[in-house]
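J.: One file is attached below, run25.tsv, containing TSV, C-alpha atoms (C1' of nucleotides).
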chain	number	residue	atom	x	y	z
A	22	MET	CA	-21.45	-43.85	17.97
A	23	THR	CA	-19.55	-46.02	15.51
A	24	SER	CA	-15.84	-45.39	15.29
A	25	LEU	CA	-14.12	-43.87	12.30
A	26	ILE	CA	-12.09	-47.02	11.82
A	27	TYR	CA	-15.21	-49.10	11.54
A	28	MET	CA	-16.89	-46.75	9.11
A	29	ALA	CA	-13.73	-46.52	7.05
A	30	LYS	CA	-13.55	-50.29	6.80
A	31	GLU	CA	-17.09	-50.35	5.50
A	32	CYS	CA	-16.17	-47.87	2.79
A	33	LEU	CA	-13.20	-49.97	1.80
A	34	GLN	CA	-15.24	-53.12	1.58
A	35	ALA	CA	-17.86	-51.45	-0.56
A	36	LYS	CA	-15.31	-50.37	-3.14
A	37	GLY	CA	-12.50	-52.90	-2.98
A	38	GLY	CA	-10.19	-50.57	-1.10
A	39	ARG	CA	-7.37	-51.75	1.16
A	40	MET	CA	-6.66	-51.25	4.82
A	41	THR	CA	-3.00	-50.35	5.15
A	42	ASN	CA	-0.90	-49.74	8.23
A	43	GLN	CA	-0.69	-46.11	7.25
A	44	ARG	CA	-4.45	-45.77	7.19
A	45	LYS	CA	-4.78	-47.62	10.46
A	46	SER	CA	-2.41	-45.25	12.19
A	47	ILE	CA	-4.14	-42.18	10.79
A	48	LEU	CA	-7.60	-43.46	11.68
A	49	SER	CA	-6.61	-44.28	15.23
A	50	VAL	CA	-5.13	-40.82	15.63
A	51	LEU	CA	-8.37	-39.25	14.45
A	52	ASP	CA	-10.41	-41.55	16.65
A	53	THR	CA	-8.59	-40.66	19.85
A	54	LEU	CA	-8.13	-36.98	19.11
A	55	SER	CA	-10.70	-34.56	20.40
A	56	GLY	CA	-9.73	-31.39	18.55
A	57	HIS	CA	-9.65	-30.24	14.95
A	58	PRO	CA	-6.16	-31.15	13.84
A	59	THR	CA	-4.28	-29.82	10.85
A	60	ALA	CA	-2.68	-32.28	8.45
A	61	GLU	CA	0.68	-31.58	10.11
A	62	GLU	CA	-0.70	-32.46	13.53
A	63	VAL	CA	-2.14	-35.71	12.26
A	64	TYR	CA	1.20	-36.39	10.62
A	65	ARG	CA	3.18	-35.93	13.83
A	66	LEU	CA	0.89	-38.21	15.79
A	67	ALA	CA	0.53	-40.87	13.11
A	68	LYS	CA	4.30	-41.11	12.82
A	69	LYS	CA	4.49	-42.31	16.39
A	70	LYS	CA	2.51	-45.39	15.48
A	71	TYR	CA	3.92	-45.88	12.02
A	72	PRO	CA	7.16	-43.93	11.60
A	73	ASP	CA	7.35	-44.35	7.85
A	74	VAL	CA	4.14	-42.57	6.90
A	75	HIS	CA	4.73	-39.82	4.46
A	76	LEU	CA	2.99	-36.48	4.74
A	77	SER	CA	1.44	-36.89	1.32
A	78	THR	CA	-0.21	-40.07	2.53
A	79	ILE	CA	-1.73	-38.11	5.39
A	80	TYR	CA	-3.17	-35.65	2.90
A	81	ARG	CA	-4.44	-38.39	0.63
A	82	THR	CA	-6.08	-40.26	3.48
A	83	LEU	CA	-7.66	-37.15	4.95
A	84	ARG	CA	-9.02	-36.19	1.56
A	85	TRP	CA	-10.31	-39.70	1.03
A	86	LEU	CA	-12.16	-39.66	4.35
A	87	GLN	CA	-13.59	-36.31	3.43
A	88	ASP	CA	-14.81	-37.62	0.08
A	89	GLU	CA	-16.40	-40.57	1.85
A	90	GLY	CA	-18.17	-38.10	4.10
A	91	LEU	CA	-16.46	-39.28	7.27
A	92	LEU	CA	-14.71	-36.01	7.94
A	93	SER	CA	-15.40	-32.38	7.29
A	94	THR	CA	-13.00	-29.48	6.94
A	95	GLN	CA	-12.94	-26.07	8.51
A	96	SER	CA	-10.70	-23.08	8.21
A	97	PHE	CA	-10.50	-20.46	10.89
A	98	ALA	CA	-9.64	-16.78	10.68
A	99	GLU	CA	-6.52	-17.43	12.75
A	100	ASP	CA	-4.85	-19.05	9.76
A	101	THR	CA	-7.05	-19.21	6.77
A	102	ARG	CA	-4.66	-21.18	4.60
A	103	LYS	CA	-4.34	-24.13	6.90
A	104	GLU	CA	-7.15	-26.63	6.80
A	105	ARG	CA	-8.47	-28.27	9.94
A	106	PHE	CA	-10.16	-31.64	9.89
A	107	ASP	CA	-13.23	-32.24	11.96
A	108	PRO	CA	-14.30	-35.80	12.75
A	109	ASN	CA	-17.55	-34.55	14.26
A	110	LEU	CA	-20.05	-34.87	11.45
A	111	SER	CA	-23.19	-33.61	13.12
A	112	ALA	CA	-24.28	-30.51	11.26
A	113	ASP	CA	-25.67	-28.88	14.33
A	114	HIS	CA	-22.51	-27.76	16.03
A	115	ALA	CA	-20.59	-24.53	16.06
A	116	HIS	CA	-17.00	-23.69	16.94
A	117	PHE	CA	-15.14	-21.50	19.36
A	118	LEU	CA	-11.50	-20.78	18.64
A	119	CYS	CA	-9.27	-19.39	21.34
A	120	THR	CA	-7.09	-16.78	19.69
A	121	LYS	CA	-4.41	-17.31	22.30
A	122	CYS	CA	-3.90	-21.06	22.54
A	123	LYS	CA	-5.59	-21.87	19.20
A	124	LYS	CA	-7.73	-24.49	20.87
A	125	VAL	CA	-11.00	-25.31	19.13
A	126	VAL	CA	-14.04	-26.01	21.25
A	127	GLU	CA	-17.23	-27.38	19.80
A	128	PHE	CA	-20.62	-26.61	21.10
A	129	SER	CA	-23.87	-28.08	19.91
A	130	GLU	CA	-26.24	-25.42	18.89
A	131	GLY	CA	-28.68	-27.31	16.74
A	132	ASP	CA	-31.79	-25.34	17.60
A	133	LEU	CA	-30.15	-21.99	17.11
A	134	LEU	CA	-28.58	-22.91	13.78
A	135	ALA	CA	-31.82	-24.39	12.48
A	136	GLU	CA	-33.64	-21.26	13.48
A	137	ILE	CA	-31.14	-19.01	11.76
A	138	MET	CA	-31.49	-21.04	8.58
A	139	GLN	CA	-35.25	-20.89	8.60
A	140	GLN	CA	-35.43	-17.20	9.38
A	141	PHE	CA	-33.06	-16.34	6.59
A	142	GLU	CA	-34.81	-18.60	4.10
A	143	SER	CA	-38.21	-17.12	4.71
A	144	ARG	CA	-36.86	-13.59	4.64
A	145	THR	CA	-34.84	-13.85	1.44
A	146	LYS	CA	-36.23	-16.77	-0.56
A	147	PHE	CA	-32.71	-18.14	-0.83
A	148	LYS	CA	-32.22	-21.83	-0.21
A	149	VAL	CA	-29.91	-22.38	2.74
A	150	GLU	CA	-28.04	-25.66	2.84
A	151	GLN	CA	-25.43	-25.11	5.48
A	152	VAL	CA	-24.62	-22.75	8.32
A	153	SER	CA	-21.23	-22.07	9.75
A	154	LEU	CA	-20.96	-20.28	13.06
A	155	THR	CA	-17.60	-19.58	14.64
A	156	LEU	CA	-16.83	-17.54	17.70
A	157	TYR	CA	-13.39	-16.12	18.40
A	158	GLY	CA	-12.06	-15.08	21.77
A	159	ILE	CA	-10.18	-16.18	24.86
A	160	CYS	CA	-10.95	-19.45	26.58
A	161	LYS	CA	-11.29	-19.92	30.32
A	162	ASP	CA	-7.78	-21.34	30.68
A	163	CYS	CA	-6.15	-18.43	28.90
A	164	LYS	CA	-7.96	-15.67	30.74
B	4	MET	CA	-20.51	7.01	5.15
B	5	THR	CA	-17.02	8.22	4.34
B	6	SER	CA	-15.39	6.65	1.31
B	7	LEU	CA	-12.42	4.34	1.48
B	8	ILE	CA	-10.37	6.78	-0.54
B	9	TYR	CA	-10.97	9.50	1.96
B	10	MET	CA	-10.15	7.33	4.96
B	11	ALA	CA	-7.06	6.02	3.23
B	12	LYS	CA	-5.85	9.56	2.61
B	13	GLU	CA	-6.22	10.31	6.28
B	14	CYS	CA	-4.09	7.31	7.16
B	15	LEU	CA	-1.44	8.45	4.72
B	16	GLN	CA	-1.35	11.95	6.11
B	17	ALA	CA	-1.01	10.69	9.63
B	18	LYS	CA	2.07	8.67	8.80
B	19	GLY	CA	3.72	10.42	5.90
B	20	GLY	CA	2.54	7.88	3.36
B	21	ARG	CA	2.05	8.64	-0.32
B	22	MET	CA	-0.96	8.48	-2.60
B	23	THR	CA	0.15	6.73	-5.76
B	24	ASN	CA	-1.77	6.07	-8.95
B	25	GLN	CA	-1.71	2.39	-8.10
B	26	ARG	CA	-3.35	3.01	-4.77
B	27	LYS	CA	-5.89	5.34	-6.32
B	28	SER	CA	-6.94	2.72	-8.82
B	29	ILE	CA	-7.22	0.02	-6.19
B	30	LEU	CA	-9.17	2.22	-3.81
B	31	SER	CA	-11.62	3.27	-6.48
B	32	VAL	CA	-12.18	-0.35	-7.40
B	33	LEU	CA	-12.93	-1.20	-3.81
B	34	ASP	CA	-15.16	1.81	-3.43
B	35	THR	CA	-17.37	0.98	-6.38
B	36	LEU	CA	-17.42	-2.77	-5.88
B	37	SER	CA	-20.24	-4.25	-3.88
B	38	GLY	CA	-18.99	-7.79	-3.34
B	39	HIS	CA	-16.11	-9.44	-1.54
B	40	PRO	CA	-13.41	-9.59	-4.18
B	41	THR	CA	-10.33	-11.76	-4.17
B	42	ALA	CA	-6.95	-10.17	-4.81
B	43	GLU	CA	-7.11	-11.44	-8.39
B	44	GLU	CA	-10.45	-9.76	-8.97
B	45	VAL	CA	-9.19	-6.45	-7.63
B	46	TYR	CA	-6.15	-6.88	-9.86
B	47	ARG	CA	-8.18	-7.37	-13.01
B	48	LEU	CA	-10.32	-4.32	-12.30
B	49	ALA	CA	-7.52	-2.07	-11.15
B	50	LYS	CA	-5.57	-2.84	-14.31
B	51	LYS	CA	-8.30	-1.23	-16.35
B	52	LYS	CA	-7.60	2.08	-14.67
B	53	TYR	CA	-3.89	1.72	-14.33
B	54	PRO	CA	-2.60	-1.02	-16.63
B	55	ASP	CA	0.85	-1.20	-15.07
B	56	VAL	CA	-0.15	-2.22	-11.56
B	57	HIS	CA	1.55	-5.36	-10.50
B	58	LEU	CA	-0.24	-8.09	-8.60
B	59	SER	CA	2.15	-7.79	-5.70
B	60	THR	CA	1.14	-4.16	-5.35
B	61	ILE	CA	-2.45	-5.26	-5.07
B	62	TYR	CA	-1.52	-7.60	-2.26
B	63	ARG	CA	0.56	-4.97	-0.52
B	64	THR	CA	-2.18	-2.38	-0.74
B	65	LEU	CA	-4.89	-4.75	0.41
B	66	ARG	CA	-2.75	-5.82	3.34
B	67	TRP	CA	-2.00	-2.22	4.17
B	68	LEU	CA	-5.69	-1.32	4.22
B	69	GLN	CA	-6.32	-4.29	6.41
B	70	ASP	CA	-3.61	-3.21	8.84
B	71	GLU	CA	-5.12	0.25	8.94
B	72	GLY	CA	-8.43	-1.35	9.79
B	73	LEU	CA	-10.18	-0.18	6.62
B	74	LEU	CA	-10.78	-3.67	5.28
B	75	SER	CA	-11.40	-7.07	6.76
B	76	THR	CA	-10.78	-10.49	5.29
B	77	GLN	CA	-12.94	-13.56	5.00
B	78	SER	CA	-12.47	-17.01	3.66
B	79	PHE	CA	-15.37	-19.15	2.59
B	80	ALA	CA	-15.73	-22.92	2.48
B	81	GLU	CA	-16.04	-22.76	-1.31
B	82	ASP	CA	-12.33	-22.07	-1.59
B	83	THR	CA	-10.64	-21.85	1.72
B	84	ARG	CA	-7.22	-20.93	0.35
B	85	LYS	CA	-8.33	-17.79	-1.41
B	86	GLU	CA	-8.83	-14.71	0.72
B	87	ARG	CA	-11.70	-12.36	0.12
B	88	PHE	CA	-11.57	-8.70	1.09
B	89	ASP	CA	-14.55	-7.05	2.70
B	90	PRO	CA	-14.83	-3.25	2.70
B	91	ASN	CA	-17.84	-3.42	5.02
B	92	LEU	CA	-16.38	-2.94	8.43
B	93	SER	CA	-19.47	-3.11	10.59
B	94	ALA	CA	-19.05	-6.08	12.87
B	95	ASP	CA	-22.72	-6.83	12.90
B	96	HIS	CA	-23.16	-8.44	9.54
B	97	ALA	CA	-23.16	-12.00	8.35
B	98	HIS	CA	-22.61	-13.56	4.92
B	99	PHE	CA	-24.48	-15.77	2.53
B	100	LEU	CA	-22.49	-17.48	-0.20
B	101	CYS	CA	-24.25	-18.95	-3.20
B	102	THR	CA	-22.53	-22.23	-3.94
B	103	LYS	CA	-23.55	-21.99	-7.56
B	104	CYS	CA	-22.62	-18.49	-8.70
B	105	LYS	CA	-20.22	-17.82	-5.77
B	106	LYS	CA	-21.93	-14.53	-5.10
B	107	VAL	CA	-21.57	-13.18	-1.57
B	108	VAL	CA	-24.55	-11.43	-0.01
B	109	GLU	CA	-24.27	-9.54	3.23
B	110	PHE	CA	-27.03	-9.23	5.72
B	111	SER	CA	-26.99	-7.20	8.86
B	112	GLU	CA	-27.77	-9.28	11.81
B	113	GLY	CA	-26.47	-7.22	14.67
B	114	ASP	CA	-29.02	-8.22	17.27
B	115	LEU	CA	-28.73	-11.90	16.58
B	116	LEU	CA	-24.93	-11.91	16.62
B	117	ALA	CA	-24.78	-9.89	19.83
B	118	GLU	CA	-27.21	-12.27	21.43
B	119	ILE	CA	-25.21	-15.31	20.39
B	120	MET	CA	-22.07	-13.78	21.86
B	121	GLN	CA	-23.72	-12.97	25.16
B	122	GLN	CA	-25.39	-16.33	25.50
B	123	PHE	CA	-22.18	-18.18	24.86
B	124	GLU	CA	-20.18	-15.96	27.21
B	125	SER	CA	-22.51	-16.45	30.11
B	126	ARG	CA	-22.75	-20.16	29.50
B	127	THR	CA	-19.05	-20.91	29.18
B	128	LYS	CA	-17.17	-18.08	30.90
B	129	PHE	CA	-15.11	-17.69	27.74
B	130	LYS	CA	-14.52	-14.18	26.46
B	131	VAL	CA	-15.99	-13.78	22.99
B	132	GLU	CA	-14.47	-11.08	20.83
B	133	GLN	CA	-15.82	-11.85	17.41
B	134	VAL	CA	-18.53	-13.87	15.75
B	135	SER	CA	-18.51	-15.14	12.21
B	136	LEU	CA	-21.73	-16.41	10.71
B	137	THR	CA	-21.86	-17.68	7.15
B	138	LEU	CA	-24.73	-19.37	5.36
B	139	TYR	CA	-24.22	-21.47	2.26
B	140	GLY	CA	-26.86	-22.31	-0.31
B	141	ILE	CA	-28.49	-21.26	-3.55
B	142	CYS	CA	-29.52	-17.68	-4.18
B	143	LYS	CA	-32.80	-16.58	-5.70
B	144	ASP	CA	-31.29	-16.04	-9.15
B	145	CYS	CA	-29.76	-19.50	-9.30
B	146	LYS	CA	-32.80	-21.43	-8.15
C	21	DT	C1'	14.38	21.58	-9.31
C	22	DT	C1'	16.37	18.84	-5.91
C	23	DC	C1'	16.42	15.60	-2.23
C	24	DT	C1'	14.70	12.24	0.78
C	25	DT	C1'	12.34	8.20	1.55
C	26	DA	C1'	8.01	5.61	0.55
C	27	DT	C1'	6.43	2.68	-2.96
C	28	DT	C1'	6.75	-0.11	-6.95
C	29	DG	C1'	7.95	-3.92	-10.32
C	30	DC	C1'	9.92	-7.98	-10.79
C	31	DA	C1'	11.70	-12.27	-9.78
C	32	DA	C1'	12.50	-15.40	-6.48
C	33	DA	C1'	10.89	-17.43	-1.94
C	34	DT	C1'	7.35	-19.43	0.85
C	35	DG	C1'	4.16	-22.73	2.76
C	36	DA	C1'	0.20	-25.68	2.41
C	37	DT	C1'	-1.50	-28.98	-0.49
C	38	DT	C1'	-1.56	-31.94	-4.76
C	39	DT	C1'	0.14	-34.95	-8.38
C	40	DG	C1'	2.87	-38.26	-11.48
C	41	DC	C1'	5.15	-42.24	-11.41
C	42	DA	C1'	7.75	-46.25	-10.29
C	43	DA	C1'	8.15	-49.35	-6.35
C	44	DA	C1'	5.82	-51.70	-2.55
C	45	DA	C1'	2.05	-53.94	-0.30
C	46	DA	C1'	-2.98	-55.94	-0.02
C	47	DC	C1'	-5.73	-59.31	-0.90
C	48	DA	C1'	-8.04	-62.63	-4.10
C	49	DA	C1'	-7.32	-66.67	-6.51
C	50	DA	C1'	-4.85	-70.65	-7.44
D	27	DT	C1'	2.35	-70.19	-0.06
D	28	DT	C1'	2.97	-68.40	-4.29
D	29	DT	C1'	1.28	-65.69	-7.92
D	30	DG	C1'	-1.07	-62.01	-10.15
D	31	DT	C1'	-3.77	-58.02	-10.15
D	32	DT	C1'	-4.74	-53.59	-8.54
D	33	DT	C1'	-4.57	-50.29	-4.86
D	34	DT	C1'	-1.70	-47.53	-2.18
D	35	DT	C1'	2.58	-45.58	-1.01
D	36	DG	C1'	7.02	-42.73	-0.95
D	37	DC	C1'	9.28	-39.37	-3.03
D	38	DA	C1'	10.22	-35.53	-5.69
D	39	DA	C1'	8.47	-32.20	-8.39
D	40	DA	C1'	4.41	-29.20	-9.42
D	41	DT	C1'	0.81	-25.91	-7.92
D	42	DC	C1'	-1.31	-21.90	-6.32
D	43	DA	C1'	-2.09	-17.96	-3.38
D	44	DT	C1'	0.53	-14.92	-1.06
D	45	DT	C1'	4.91	-12.65	0.59
D	46	DT	C1'	9.53	-10.71	0.36
D	47	DG	C1'	14.20	-8.69	-1.08
D	48	DC	C1'	16.07	-5.39	-3.71
D	49	DA	C1'	17.23	-2.11	-7.10
D	50	DA	C1'	14.69	1.31	-9.73
D	51	DT	C1'	10.97	4.77	-9.68
D	52	DA	C1'	8.17	8.44	-8.16
D	53	DA	C1'	5.67	11.35	-4.27
D	54	DG	C1'	5.82	15.29	-2.00
D	55	DA	C1'	8.45	18.46	1.06
D	56	DA	C1'	11.92	21.93	0.84
Is it possible to express this structure as structure tokens?

T.:
Amino acid sequence: MTSLIYMAKECLQAKGGRMTNQRKSILSVLDTLSGHPTAEEVYRLAKKKYPDVHLSTIYRTLRWLQDEGLLSTQSFAEDTRKERFDPNLSADHAHFLCTKCKKVVEFSEGDLLAEIMQQFESRTKFKVEQVSLTLYGICKDCK
Amino acid sequence: MTSLIYMAKECLQAKGGRMTNQRKSILSVLDTLSGHPTAEEVYRLAKKKYPDVHLSTIYRTLRWLQDEGLLSTQSFAEDTRKERFDPNLSADHAHFLCTKCKKVVEFSEGDLLAEIMQQFESRTKFKVEQVSLTLYGICKDCK
DNA sequence: TTCTTATTGCAAATGATTTGCAAAAACAAA
DNA sequence: TTTGTTTTTGCAAATCATTTGCAATAAGAA
């Protein structure tokens, strides 16, 4: 799997964009992180590598990566107003959110999701383009 | 199925709350509405019945109904910052959102959702308390 | 009708995210 | 390396949905 940094560089080259220290720090944070961070979380971590990044730069960079299709966003019932950024682009995964520790766990569920889409399409004649499946509960560690 | 208005009155009686004209107008809007309105939408409709309602009263009433368990909230990828209020309390339904006309369609899917929960629980040893399934696409009318 | 206390209107606060703009930094070209 | 062009940044102010404090209003019991 190619890294975010690499893919981002390709986008920049294609459009005459520039690789700044700020972007480098943000990309490396996203590359090493396993979860679904909020902008604030990315901000805190990116600051360790490049203390002068401004929060608005985090937002701009995250939004840019999203526009380039290198990142998707989720919002969970826990806090619907706060966006979470998901570097895992494969469409065939679902999420589990622990309501205690707020941890997000991904699980690939490609077959199931595809089946749900097909069933619903044939039953309703609607055209389904995307499925979002999220489970809420308590993770093993918190039990 | 008992109406929202009726259930709300019961809640009021139990706790010495009061049935105001504002609440009546909001409840009747929710009772007749079929979709998943935002606070703004409830506001616009409630104003027709009781022109002096203030938006903050809408929010307070919606939140109150939610706390009483008579309403649940959803947020959809279309606009993650805006909450939508769902008078359908049965846990066993999923949503389809048309990305063109923003219409929300509910479909009962109890068996499927229960099965997903059980499968995931036995596979991961996590405790699943809630499942949220949302499909996005184009509805029949918009095709 | 009166009294108590829940509820409202309003304006101001909040919190996440976005935007305008002048200053700073990339990178291409010289 | 210096210059020039253009992208990107920092910062402060704007936005937008939602919440809150408080004095004024109105339910509903007595």

J.: Name all residues at most 12 Å from stretch 27-44 of chain D (count all atoms listed in the file; drop same-chain ones fewer than 2 positions away) and give them as JSON, numbers by chain.

T.: {"A": [33, 36, 37, 38, 39, 40, 41, 42, 43, 44, 73, 74, 75, 76, 77, 78, 79, 81, 82, 101, 102], "B": [41, 42, 43, 58, 59, 60, 61, 62, 63, 65, 66, 82, 83, 84, 85, 86, 87], "C": [33, 34, 35, 36, 37, 38, 39, 40, 41, 42, 43, 44, 45, 46, 47, 48, 49, 50], "D": [46]}

J.: For a quick test of understanding: name the residues of chain C lying within 8 Å of chain B when counting all atoms listed in the file, and present them as a short mmCIF file (atom, residue, chain, number, x, y, z; two decimals) with C-alpha atoms (C1' of nucleotides), in the coordinates of the input.

T.:
data_model
loop_
_atom_site.label_atom_id
_atom_site.label_comp_id
_atom_site.auth_asym_id
_atom_site.auth_seq_id
_atom_site.Cartn_x
_atom_site.Cartn_y
_atom_site.Cartn_z
"C1'" DA C 26 8.01 5.61 0.55
"C1'" DT C 27 6.43 2.68 -2.96
"C1'" DT C 28 6.75 -0.11 -6.95
"C1'" DG C 29 7.95 -3.92 -10.32
#

J.: Hand me chain A as it sits after a least-squares fit onto chain B over every Cα, paired in order, written as a short mmCIF file (atom, residue, chain, number, x, y, z; two decimals) with C-alpha atoms, in the frame of the given file.

T.:
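result-v1.cif, written as the output of this step:
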data_model
loop_
_atom_site.label_atom_id
_atom_site.label_comp_id
_atom_site.auth_asym_id
_atom_site.auth_seq_id
_atom_site.Cartn_x
_atom_site.Cartn_y
_atom_site.Cartn_z
CA MET A 22 -20.46 6.98 5.24
CA THR A 23 -16.98 8.23 4.41
CA SER A 24 -15.36 6.67 1.38
CA LEU A 25 -12.39 4.35 1.52
CA ILE A 26 -10.34 6.79 -0.50
CA TYR A 27 -10.92 9.52 2.03
CA MET A 28 -10.09 7.32 4.99
CA ALA A 29 -7.01 6.02 3.24
CA LYS A 30 -5.79 9.55 2.62
CA GLU A 31 -6.15 10.29 6.30
CA CYS A 32 -4.01 7.29 7.15
CA LEU A 33 -1.36 8.42 4.71
CA GLN A 34 -1.27 11.91 6.11
CA ALA A 35 -0.94 10.64 9.65
CA LYS A 36 2.13 8.60 8.81
CA GLY A 37 3.81 10.35 5.90
CA GLY A 38 2.59 7.82 3.36
CA ARG A 39 2.11 8.58 -0.33
CA MET A 40 -0.89 8.47 -2.59
CA THR A 41 0.16 6.75 -5.79
CA ASN A 42 -1.77 6.09 -8.97
CA GLN A 43 -1.72 2.42 -8.13
CA ARG A 44 -3.35 3.02 -4.78
CA LYS A 45 -5.89 5.35 -6.31
CA SER A 46 -6.96 2.75 -8.82
CA ILE A 47 -7.23 0.03 -6.19
CA LEU A 48 -9.17 2.25 -3.80
CA SER A 49 -11.64 3.31 -6.45
CA VAL A 50 -12.20 -0.31 -7.39
CA LEU A 51 -12.94 -1.18 -3.78
CA ASP A 52 -15.16 1.85 -3.39
CA THR A 53 -17.39 1.02 -6.34
CA LEU A 54 -17.45 -2.73 -5.83
CA SER A 55 -20.26 -4.22 -3.83
CA GLY A 56 -19.01 -7.77 -3.32
CA HIS A 57 -16.12 -9.42 -1.52
CA PRO A 58 -13.44 -9.58 -4.18
CA THR A 59 -10.36 -11.76 -4.21
CA ALA A 60 -6.99 -10.15 -4.85
CA GLU A 61 -7.17 -11.41 -8.44
CA GLU A 62 -10.52 -9.72 -8.98
CA VAL A 63 -9.24 -6.44 -7.63
CA TYR A 64 -6.22 -6.86 -9.87
CA ARG A 65 -8.28 -7.32 -13.03
CA LEU A 66 -10.41 -4.28 -12.30
CA ALA A 67 -7.58 -2.04 -11.14
CA LYS A 68 -5.66 -2.78 -14.32
CA LYS A 69 -8.39 -1.16 -16.34
CA LYS A 70 -7.69 2.15 -14.67
CA TYR A 71 -3.96 1.76 -14.35
CA PRO A 72 -2.69 -0.97 -16.67
CA ASP A 73 0.76 -1.17 -15.14
CA VAL A 74 -0.22 -2.22 -11.63
CA HIS A 75 1.49 -5.36 -10.58
CA LEU A 76 -0.31 -8.08 -8.68
CA SER A 77 2.10 -7.81 -5.79
CA THR A 78 1.12 -4.18 -5.41
CA ILE A 79 -2.49 -5.25 -5.13
CA TYR A 80 -1.54 -7.62 -2.33
CA ARG A 81 0.56 -5.02 -0.58
CA THR A 82 -2.16 -2.40 -0.78
CA LEU A 83 -4.88 -4.77 0.38
CA ARG A 84 -2.74 -5.85 3.30
CA TRP A 85 -1.97 -2.25 4.13
CA LEU A 86 -5.66 -1.34 4.19
CA GLN A 87 -6.29 -4.33 6.38
CA ASP A 88 -3.57 -3.26 8.81
CA GLU A 89 -5.07 0.22 8.91
CA GLY A 90 -8.39 -1.38 9.77
CA LEU A 91 -10.13 -0.21 6.62
CA LEU A 92 -10.77 -3.67 5.28
CA SER A 93 -11.38 -7.07 6.74
CA THR A 94 -10.76 -10.50 5.26
CA GLN A 95 -12.94 -13.55 5.00
CA SER A 96 -12.45 -17.01 3.65
CA PHE A 97 -15.34 -19.17 2.62
CA ALA A 98 -15.69 -22.94 2.53
CA GLU A 99 -16.00 -22.79 -1.25
CA ASP A 100 -12.29 -22.09 -1.55
CA THR A 101 -10.58 -21.83 1.74
CA ARG A 102 -7.19 -20.86 0.38
CA LYS A 103 -8.34 -17.77 -1.43
CA GLU A 104 -8.84 -14.70 0.68
CA ARG A 105 -11.74 -12.34 0.10
CA PHE A 106 -11.59 -8.70 1.08
CA ASP A 107 -14.56 -7.06 2.69
CA PRO A 108 -14.83 -3.27 2.70
CA ASN A 109 -17.84 -3.44 5.01
CA LEU A 110 -16.38 -2.92 8.46
CA SER A 111 -19.48 -3.11 10.60
CA ALA A 112 -19.08 -6.08 12.89
CA ASP A 113 -22.75 -6.84 12.91
CA HIS A 114 -23.15 -8.45 9.54
CA ALA A 115 -23.15 -12.01 8.35
CA HIS A 116 -22.59 -13.58 4.94
CA PHE A 117 -24.44 -15.78 2.52
CA LEU A 118 -22.43 -17.48 -0.20
CA CYS A 119 -24.17 -18.96 -3.19
CA THR A 120 -22.44 -22.25 -3.91
CA LYS A 121 -23.44 -22.02 -7.55
CA CYS A 122 -22.52 -18.52 -8.68
CA LYS A 123 -20.13 -17.82 -5.77
CA LYS A 124 -21.86 -14.53 -5.09
CA VAL A 125 -21.54 -13.19 -1.55
CA VAL A 126 -24.51 -11.46 -0.01
CA GLU A 127 -24.28 -9.57 3.23
CA PHE A 128 -27.04 -9.27 5.69
CA SER A 129 -27.03 -7.23 8.85
CA GLU A 130 -27.81 -9.34 11.80
CA GLY A 131 -26.51 -7.25 14.64
CA ASP A 132 -29.07 -8.23 17.24
CA LEU A 133 -28.76 -11.92 16.56
CA LEU A 134 -24.97 -11.92 16.61
CA ALA A 135 -24.86 -9.89 19.81
CA GLU A 136 -27.27 -12.29 21.41
CA ILE A 137 -25.26 -15.32 20.38
CA MET A 138 -22.14 -13.75 21.87
CA GLN A 139 -23.80 -12.96 25.15
CA GLN A 140 -25.46 -16.34 25.51
CA PHE A 141 -22.22 -18.16 24.89
CA GLU A 142 -20.25 -15.93 27.23
CA SER A 143 -22.59 -16.41 30.13
CA ARG A 144 -22.82 -20.14 29.53
CA THR A 145 -19.11 -20.86 29.23
CA LYS A 146 -17.25 -18.01 30.93
CA PHE A 147 -15.17 -17.61 27.79
CA LYS A 148 -14.60 -14.11 26.51
CA VAL A 149 -16.05 -13.72 23.03
CA GLU A 150 -14.54 -11.03 20.85
CA GLN A 151 -15.86 -11.81 17.43
CA VAL A 152 -18.56 -13.86 15.75
CA SER A 153 -18.53 -15.14 12.24
CA LEU A 154 -21.73 -16.43 10.73
CA THR A 155 -21.85 -17.70 7.17
CA LEU A 156 -24.68 -19.40 5.38
CA TYR A 157 -24.17 -21.51 2.27
CA GLY A 158 -26.79 -22.34 -0.31
CA ILE A 159 -28.41 -21.29 -3.56
CA CYS A 160 -29.44 -17.72 -4.20
CA LYS A 161 -32.73 -16.63 -5.73
CA ASP A 162 -31.19 -16.09 -9.17
CA CYS A 163 -29.66 -19.54 -9.30
CA LYS A 164 -32.71 -21.47 -8.17
#

J.: Residues of chain A no more than 9 Å from chain B, counting all atoms listed in the file: send them over as a PyMOL selection string.

T.: chain A and resi 94-98+101-104+117+119+133+137-138+141+145-162+164

J.: Go ahead and compute the interatomic distance for atom CA of B:Ser93 and atom CA of A:Ser129, in Å to one decimal.

T.: 27.0 Å

J.: Figure out the distance between atom CA of B:Glu44 and atom CA of B:Lys12, please, to one decimal in Å.

T.: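 A separation of 23.0 Å between them.
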
J.: So how far away is atom CA of A:Ser46 from atom CA of A:Lys70, in Å?

T.: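 Rounded to one decimal, the two atoms are 5.9 Å apart.
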